[in-house]
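Colleague: Sharing a structure with you now.
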Amino acid sequence: MVFYFSATGNSEWVARMLSSRFGLPCIRVNESSTITYDVSQSQYIFFVFPVHSWGPALTMLSFVDKLDLVNYAGQPVYAICTCGDDCGRTDRIFGEHLKYPLTAAYSVTMPNTYLLLPGFDVDSAQVEKEKLSQAKVRIEQISDRIRNGEIDASLYHAGHFANVKSRLIYPLFKKYAGAAPAFHVTSACTRCGLCSKLCPALNISMRKGEIPKWGKHCVQCLACIHRCPRRAIEYGTITQKKGRYKNPYVYK
């Protein structure tokens with residue numbers, strides 16, 4: 001089985017490629033996901049998710065905390081992290097939450113999506129194209145190692161100061177991510193309701209004819225801001241001059 005969480009399509013694209021290569025079903029994860037799965041027919045088990053502030057996406061972490069794999073018989077378990085640059089010790093944090101032995105963790109560098117702090121923006125069109133091209137090669141390398149029963153630590157990019165980032169910054173992210181009151185819509189909003197439907201934390205509420213409102217359980221996946229068809233969502237003023245991104249292989 002390939003369990004995945006994706007906001008902008010990066011992790012979904014990786015999950016689809018792994019699903020195709022290993023003949024496994026893809027299962028999207030969100031707050032309302034089923035938490036019991038029979039894995040008796042799965043030769044491998046994958047968890048594919050983005051890295052947020054050098055740790056696992058909160059939606060995936062919440063999912064694995066409750067997950068029950070029925071008929072698990074020691075199949076290899078892999079974490080595939082998608083990241084704009086480096087992953088820190090996302091692998092270790094994920095392994096600490098997972099109730100099953102983690103065989104290996106790998107990373108795939110993908111186009112940047114984080115926007116909420118100064119200095120962070122989407123990549124240029126050229127950099128995006130290069131990252132996506134290199135990601136295809138990386139996925140093939142990871143797939144080859146798994147088929148051969150090999151573990152290759154060089155295919156996980158922890159980066160510099162990995163422990164500092166993951167053990168100091170990530171806990172702060174977890175603590176304060178939910179308090180994201182700066183999200184709002186502009187006059188371009190058509191009240192289509194897509195942002196509310198997309199939110200994995202069920203944090204965006206909409207009453208008929210009204211604009212969306214954000215609660216206090218945001219996981220900062222940024223699905224809403226990137227996938228709004230009218231580019232009508234902003235975070236304070238910091239995102240006004242920044243780009244938006246959707247994986248071009250998932251969202252045509």
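Quick note on naming: the chains in the structure tokens go A, B, ... in the order shown, residues restart at 1 in each chain, and ligands are numbered from 1 in order of appearance.
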Give me, as JSON, numbers by chain, the residues of stretch 5-245 of chain A that a backbone DSSP run labels strand (DSSP E).

Modeller: {"A": [26, 27, 28, 36, 37, 38, 45, 46, 47, 48, 49, 50, 68, 69, 70, 77, 78, 79, 80, 81, 82, 83, 104, 105, 106, 107, 108, 109, 183, 184, 185, 204, 205, 213, 214, 233, 234, 235]}

Colleague: Restricting it to N, CA, C and O atoms, dump the selection as a compact mmCIF listing (two decimals), in the first residue's frame.

Modeller:
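Result file follows (selection28.txt):
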# COMPACT_ATOMS: atom_id res chain seq x y z
N CYS A 26 -3.03 3.25 -4.02
CA CYS A 26 -2.72 4.55 -3.41
C CYS A 26 -3.86 4.96 -2.49
O CYS A 26 -5.03 4.91 -2.88
N ILE A 27 -3.52 5.41 -1.30
CA ILE A 27 -4.54 5.84 -0.33
C ILE A 27 -4.19 7.23 0.18
O ILE A 27 -3.14 7.43 0.79
N ARG A 28 -5.09 8.18 -0.09
CA ARG A 28 -4.88 9.56 0.37
C ARG A 28 -5.22 9.67 1.86
O ARG A 28 -6.22 9.13 2.32
N THR A 36 -7.67 1.74 9.90
CA THR A 36 -7.41 0.30 9.92
C THR A 36 -7.37 -0.23 8.49
O THR A 36 -8.32 -0.04 7.73
N TYR A 37 -6.27 -0.89 8.13
CA TYR A 37 -6.10 -1.40 6.77
C TYR A 37 -5.51 -2.81 6.82
O TYR A 37 -4.59 -3.09 7.60
N ASP A 38 -6.04 -3.67 5.97
CA ASP A 38 -5.52 -5.02 5.82
C ASP A 38 -4.38 -4.99 4.80
O ASP A 38 -4.60 -4.65 3.64
N ILE A 45 5.10 -1.42 2.05
CA ILE A 45 4.25 -0.38 2.59
C ILE A 45 5.02 0.94 2.51
O ILE A 45 6.14 1.05 3.02
N PHE A 46 4.40 1.93 1.85
CA PHE A 46 5.03 3.23 1.67
C PHE A 46 4.21 4.31 2.37
O PHE A 46 2.98 4.28 2.36
N PHE A 47 4.92 5.29 2.92
CA PHE A 47 4.31 6.52 3.42
C PHE A 47 4.99 7.68 2.69
O PHE A 47 6.20 7.85 2.81
N VAL A 48 4.21 8.42 1.92
CA VAL A 48 4.75 9.52 1.13
C VAL A 48 4.15 10.82 1.64
O VAL A 48 2.92 10.96 1.70
N PHE A 49 4.98 11.79 1.98
CA PHE A 49 4.47 13.01 2.58
C PHE A 49 5.50 14.14 2.47
O PHE A 49 6.69 13.89 2.35
N PRO A 50 5.03 15.39 2.53
CA PRO A 50 5.95 16.52 2.49
C PRO A 50 6.61 16.77 3.84
O PRO A 50 6.07 16.40 4.89
N ASP A 68 -3.56 1.30 12.25
CA ASP A 68 -3.53 -0.13 12.59
C ASP A 68 -3.44 -0.92 11.30
O ASP A 68 -4.37 -0.91 10.49
N LEU A 69 -2.31 -1.58 11.08
CA LEU A 69 -2.11 -2.39 9.89
C LEU A 69 -2.44 -3.85 10.21
O LEU A 69 -1.64 -4.57 10.83
N VAL A 70 -3.61 -4.26 9.81
CA VAL A 70 -4.08 -5.63 10.08
C VAL A 70 -3.31 -6.62 9.21
O VAL A 70 -3.06 -6.37 8.03
N VAL A 77 8.88 -1.38 5.25
CA VAL A 77 8.13 -0.13 5.38
C VAL A 77 9.06 1.02 5.05
O VAL A 77 10.15 1.14 5.62
N TYR A 78 8.61 1.89 4.13
CA TYR A 78 9.45 2.99 3.68
C TYR A 78 8.75 4.34 3.84
O TYR A 78 7.55 4.45 3.59
N ALA A 79 9.53 5.32 4.24
CA ALA A 79 9.05 6.71 4.26
C ALA A 79 9.71 7.44 3.10
O ALA A 79 10.95 7.41 2.97
N ILE A 80 8.90 8.08 2.28
CA ILE A 80 9.42 8.86 1.15
C ILE A 80 9.03 10.31 1.41
O ILE A 80 7.84 10.66 1.35
N CYS A 81 10.01 11.13 1.69
CA CYS A 81 9.77 12.53 2.05
C CYS A 81 9.99 13.43 0.84
O CYS A 81 11.02 13.33 0.17
N THR A 82 9.05 14.30 0.57
CA THR A 82 9.24 15.30 -0.48
C THR A 82 9.59 16.62 0.20
O THR A 82 8.99 17.00 1.20
N CYS A 83 10.56 17.32 -0.35
CA CYS A 83 11.04 18.54 0.30
C CYS A 83 11.57 19.52 -0.72
O CYS A 83 12.00 19.14 -1.81
N ALA A 104 13.57 2.03 5.85
CA ALA A 104 14.44 3.09 5.36
C ALA A 104 13.60 4.32 5.05
O ALA A 104 12.38 4.23 4.84
N ALA A 105 14.26 5.46 5.00
CA ALA A 105 13.62 6.71 4.58
C ALA A 105 14.42 7.30 3.44
O ALA A 105 15.66 7.28 3.45
N TYR A 106 13.70 7.81 2.44
CA TYR A 106 14.34 8.45 1.30
C TYR A 106 13.71 9.81 1.07
O TYR A 106 12.60 10.08 1.55
N SER A 107 14.40 10.65 0.33
CA SER A 107 13.86 11.98 0.06
C SER A 107 13.91 12.30 -1.42
O SER A 107 14.79 11.83 -2.14
N VAL A 108 12.93 13.08 -1.84
CA VAL A 108 12.84 13.53 -3.23
C VAL A 108 12.69 15.05 -3.21
O VAL A 108 11.72 15.57 -2.65
N THR A 109 13.65 15.74 -3.78
CA THR A 109 13.58 17.20 -3.83
C THR A 109 12.57 17.63 -4.87
O THR A 109 12.62 17.19 -6.02
N PHE A 183 -4.78 34.11 7.55
CA PHE A 183 -5.40 33.73 6.28
C PHE A 183 -6.69 34.52 6.07
O PHE A 183 -7.50 34.67 6.98
N HIS A 184 -6.87 35.02 4.86
CA HIS A 184 -8.09 35.74 4.53
C HIS A 184 -8.27 35.73 3.02
O HIS A 184 -7.34 35.39 2.27
N VAL A 185 -9.45 36.09 2.57
CA VAL A 185 -9.71 36.16 1.13
C VAL A 185 -9.82 37.61 0.69
O VAL A 185 -10.17 38.50 1.47
N ILE A 204 -11.38 24.98 7.57
CA ILE A 204 -11.97 26.11 6.85
C ILE A 204 -13.47 25.90 6.76
O ILE A 204 -13.94 24.92 6.17
N SER A 205 -14.21 26.79 7.34
CA SER A 205 -15.67 26.67 7.35
C SER A 205 -16.29 27.68 6.40
O SER A 205 -15.76 28.77 6.19
N LYS A 213 -13.88 30.98 6.41
CA LYS A 213 -13.27 31.40 7.66
C LYS A 213 -12.35 30.30 8.16
O LYS A 213 -12.70 29.12 8.13
N TRP A 214 -11.17 30.70 8.63
CA TRP A 214 -10.17 29.76 9.11
C TRP A 214 -10.28 29.60 10.63
O TRP A 214 -10.39 30.59 11.35
N ILE A 233 -6.75 33.93 -2.00
CA ILE A 233 -6.37 33.72 -0.60
C ILE A 233 -4.98 34.28 -0.34
O ILE A 233 -4.05 34.04 -1.11
N GLU A 234 -4.87 35.02 0.74
CA GLU A 234 -3.59 35.59 1.15
C GLU A 234 -3.34 35.28 2.63
O GLU A 234 -4.27 34.94 3.37
N TYR A 235 -2.09 35.39 3.03
CA TYR A 235 -1.71 35.25 4.43
C TYR A 235 -1.15 36.59 4.87
O TYR A 235 0.00 36.92 4.56

Colleague: Interatomic distance between atom CA of A:Lys242 and atom CA of A:Tyr170?

Modeller: 23.6 Å

Colleague: Identify, on the basis of only C-alpha atoms, every residue whose closest approach to stretch 63-65 of chain A does not exceed 12 Å; exclude the query and any residue fewer than 2 positions from it along the same chain; express the result as a JSON list (two decimals) with N, CA and C atoms, in the first residue's frame.

Modeller:
[["chain", "number", "residue", "atom", "x", "y", "z"],
["A", 3, "PHE", "N", 0.44, 4.94, 1.24],
["A", 3, "PHE", "CA", -0.30, 5.97, 1.96],
["A", 3, "PHE", "C", 0.38, 7.31, 1.66],
["A", 4, "TYR", "N", -0.42, 8.31, 1.31],
["A", 4, "TYR", "CA", 0.21, 9.60, 1.01],
["A", 4, "TYR", "C", -0.65, 10.76, 1.49],
["A", 5, "PHE", "N", 0.06, 11.84, 1.83],
["A", 5, "PHE", "CA", -0.59, 13.11, 2.10],
["A", 5, "PHE", "C", 0.03, 14.13, 1.16],
["A", 27, "ILE", "N", -3.52, 5.41, -1.30],
["A", 27, "ILE", "CA", -4.54, 5.84, -0.33],
["A", 27, "ILE", "C", -4.19, 7.23, 0.18],
["A", 28, "ARG", "N", -5.09, 8.18, -0.09],
["A", 28, "ARG", "CA", -4.88, 9.56, 0.37],
["A", 28, "ARG", "C", -5.22, 9.67, 1.86],
["A", 29, "VAL", "N", -4.40, 10.40, 2.60],
["A", 29, "VAL", "CA", -4.56, 10.57, 4.04],
["A", 29, "VAL", "C", -5.09, 11.96, 4.36],
["A", 30, "ASN", "N", -6.10, 12.04, 5.22],
["A", 30, "ASN", "CA", -6.52, 13.32, 5.80],
["A", 30, "ASN", "C", -7.10, 13.05, 7.18],
["A", 31, "GLU", "N", -7.66, 14.07, 7.80],
["A", 31, "GLU", "CA", -8.12, 13.94, 9.17],
["A", 31, "GLU", "C", -9.27, 12.94, 9.32],
["A", 32, "SER", "N", -10.00, 12.69, 8.26],
["A", 32, "SER", "CA", -11.15, 11.80, 8.34],
["A", 32, "SER", "C", -10.85, 10.41, 7.78],
["A", 33, "SER", "N", -9.57, 10.11, 7.57],
["A", 33, "SER", "CA", -9.20, 8.83, 6.96],
["A", 33, "SER", "C", -9.50, 7.65, 7.88],
["A", 34, "THR", "N", -9.82, 6.53, 7.24],
["A", 34, "THR", "CA", -9.89, 5.26, 7.95],
["A", 34, "THR", "C", -8.51, 4.97, 8.53],
["A", 35, "ILE", "N", -8.47, 4.33, 9.70],
["A", 35, "ILE", "CA", -7.16, 4.09, 10.33],
["A", 35, "ILE", "C", -6.83, 2.60, 10.44],
["A", 36, "THR", "N", -7.67, 1.74, 9.90],
["A", 36, "THR", "CA", -7.41, 0.30, 9.92],
["A", 36, "THR", "C", -7.37, -0.23, 8.49],
["A", 37, "TYR", "N", -6.27, -0.89, 8.13],
["A", 37, "TYR", "CA", -6.10, -1.40, 6.77],
["A", 37, "TYR", "C", -5.51, -2.81, 6.82],
["A", 46, "PHE", "N", 4.40, 1.93, 1.85],
["A", 46, "PHE", "CA", 5.03, 3.23, 1.67],
["A", 46, "PHE", "C", 4.21, 4.31, 2.37],
["A", 47, "PHE", "N", 4.92, 5.29, 2.92],
["A", 47, "PHE", "CA", 4.31, 6.52, 3.42],
["A", 47, "PHE", "C", 4.99, 7.68, 2.69],
["A", 48, "VAL", "N", 4.21, 8.42, 1.92],
["A", 48, "VAL", "CA", 4.75, 9.52, 1.13],
["A", 48, "VAL", "C", 4.15, 10.82, 1.64],
["A", 49, "PHE", "N", 4.98, 11.79, 1.98],
["A", 49, "PHE", "CA", 4.47, 13.01, 2.58],
["A", 49, "PHE", "C", 5.50, 14.14, 2.47],
["A", 56, "PRO", "N", 7.79, 15.75, 9.72],
["A", 56, "PRO", "CA", 6.70, 15.20, 8.90],
["A", 56, "PRO", "C", 5.48, 16.12, 8.89],
["A", 57, "ALA", "N", 4.81, 16.20, 7.76],
["A", 57, "ALA", "CA", 3.55, 16.93, 7.67],
["A", 57, "ALA", "C", 2.63, 16.46, 8.81],
["A", 58, "LEU", "N", 2.00, 17.40, 9.49],
["A", 58, "LEU", "CA", 1.24, 17.07, 10.69],
["A", 58, "LEU", "C", 0.09, 16.11, 10.41],
["A", 59, "THR", "N", -0.52, 16.21, 9.25],
["A", 59, "THR", "CA", -1.62, 15.32, 8.91],
["A", 59, "THR", "C", -1.15, 13.87, 8.83],
["A", 60, "MET", "N", 0.01, 13.64, 8.24],
["A", 60, "MET", "CA", 0.55, 12.28, 8.17],
["A", 60, "MET", "C", 0.95, 11.79, 9.55],
["A", 61, "LEU", "N", 1.51, 12.66, 10.37],
["A", 61, "LEU", "CA", 1.93, 12.26, 11.71],
["A", 61, "LEU", "C", 0.73, 11.84, 12.55],
["A", 67, "LEU", "N", -2.72, 4.62, 13.26],
["A", 67, "LEU", "CA", -2.82, 3.59, 12.23],
["A", 67, "LEU", "C", -2.71, 2.17, 12.78],
["A", 68, "ASP", "N", -3.56, 1.30, 12.25],
["A", 68, "ASP", "CA", -3.53, -0.13, 12.59],
["A", 68, "ASP", "C", -3.44, -0.92, 11.30],
["A", 69, "LEU", "N", -2.31, -1.58, 11.08],
["A", 69, "LEU", "CA", -2.11, -2.39, 9.89],
["A", 69, "LEU", "C", -2.44, -3.85, 10.21],
["A", 79, "ALA", "N", 9.53, 5.32, 4.24],
["A", 79, "ALA", "CA", 9.05, 6.71, 4.26],
["A", 79, "ALA", "C", 9.71, 7.44, 3.10],
["A", 93, "ILE", "N", 12.00, 11.31, 13.35],
["A", 93, "ILE", "CA", 10.74, 11.70, 13.99],
["A", 93, "ILE", "C", 9.60, 10.81, 13.51],
["A", 94, "PHE", "N", 9.56, 10.56, 12.21],
["A", 94, "PHE", "CA", 8.52, 9.70, 11.67],
["A", 94, "PHE", "C", 8.63, 8.29, 12.25],
["A", 95, "GLY", "N", 9.84, 7.78, 12.30],
["A", 95, "GLY", "CA", 10.06, 6.44, 12.84],
["A", 95, "GLY", "C", 9.66, 6.33, 14.30],
["A", 96, "GLU", "N", 9.82, 7.39, 15.05],
["A", 96, "GLU", "CA", 9.44, 7.40, 16.46],
["A", 96, "GLU", "C", 7.92, 7.32, 16.65],
["A", 97, "HIS", "N", 7.17, 7.83, 15.68],
["A", 97, "HIS", "CA", 5.71, 7.81, 15.77],
["A", 97, "HIS", "C", 5.11, 6.54, 15.17],
["A", 98, "LEU", "N", 5.80, 5.95, 14.23],
["A", 98, "LEU", "CA", 5.29, 4.76, 13.55],
["A", 98, "LEU", "C", 5.39, 3.54, 14.47],
["A", 99, "LYS", "N", 4.32, 2.77, 14.54],
["A", 99, "LYS", "CA", 4.31, 1.59, 15.42],
["A", 99, "LYS", "C", 4.95, 0.36, 14.77],
["A", 100, "TYR", "N", 5.40, 0.51, 13.54],
["A", 100, "TYR", "CA", 5.98, -0.60, 12.80],
["A", 100, "TYR", "C", 7.42, -0.24, 12.45],
["A", 200, "PRO", "N", -7.25, 19.50, 4.75],
["A", 200, "PRO", "CA", -7.15, 18.17, 5.36],
["A", 200, "PRO", "C", -7.50, 18.17, 6.84],
["A", 201, "ALA", "N", -7.42, 19.35, 7.47],
["A", 201, "ALA", "CA", -7.70, 19.46, 8.90],
["A", 201, "ALA", "C", -9.14, 19.89, 9.17]]

Colleague: For A:Leu116, which residue out of A:Ser166, A:Met1, A:Pro181, A:Leu24 is the nearest one, using only C-alpha atoms?

Modeller: A:Pro181

Colleague: For the atom pair atom CA of A:Met206 and atom CA of A:Ser53, what is the interatomic distance in Å to one decimal place?

Modeller: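 Pair atom CA of A:Met206 / atom CA of A:Ser53 returns 28.7 Å.
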
Colleague: Return as a PyMOL selection string the full set of residues in stretch 72-160 of chain A whose backbone-based DSSP assignment is alpha helix (DSSP H).

Modeller: chain A and resi 90-97+125-147

Colleague: Atom CA of A:Lys197 to atom CA of A:Cys221: how many Å, to one decimal?

Modeller: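 Straight-line distance from atom CA of A:Lys197 to atom CA of A:Cys221 works out to 13.7 Å.
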
Colleague: Of the residues A:Tyr72, A:Trp13, A:Trp54, A:Tyr249, which is the one nearest to A:Ile169, using only C-alpha atoms?

Modeller: A:Trp54

Colleague: Of the candidates A:Val219, A:Ile139, A:Ile225, A:Leu102, which shows the shortest atom-to-atom distance to A:Ala177, using only C-alpha atoms?

Modeller: A:Val219
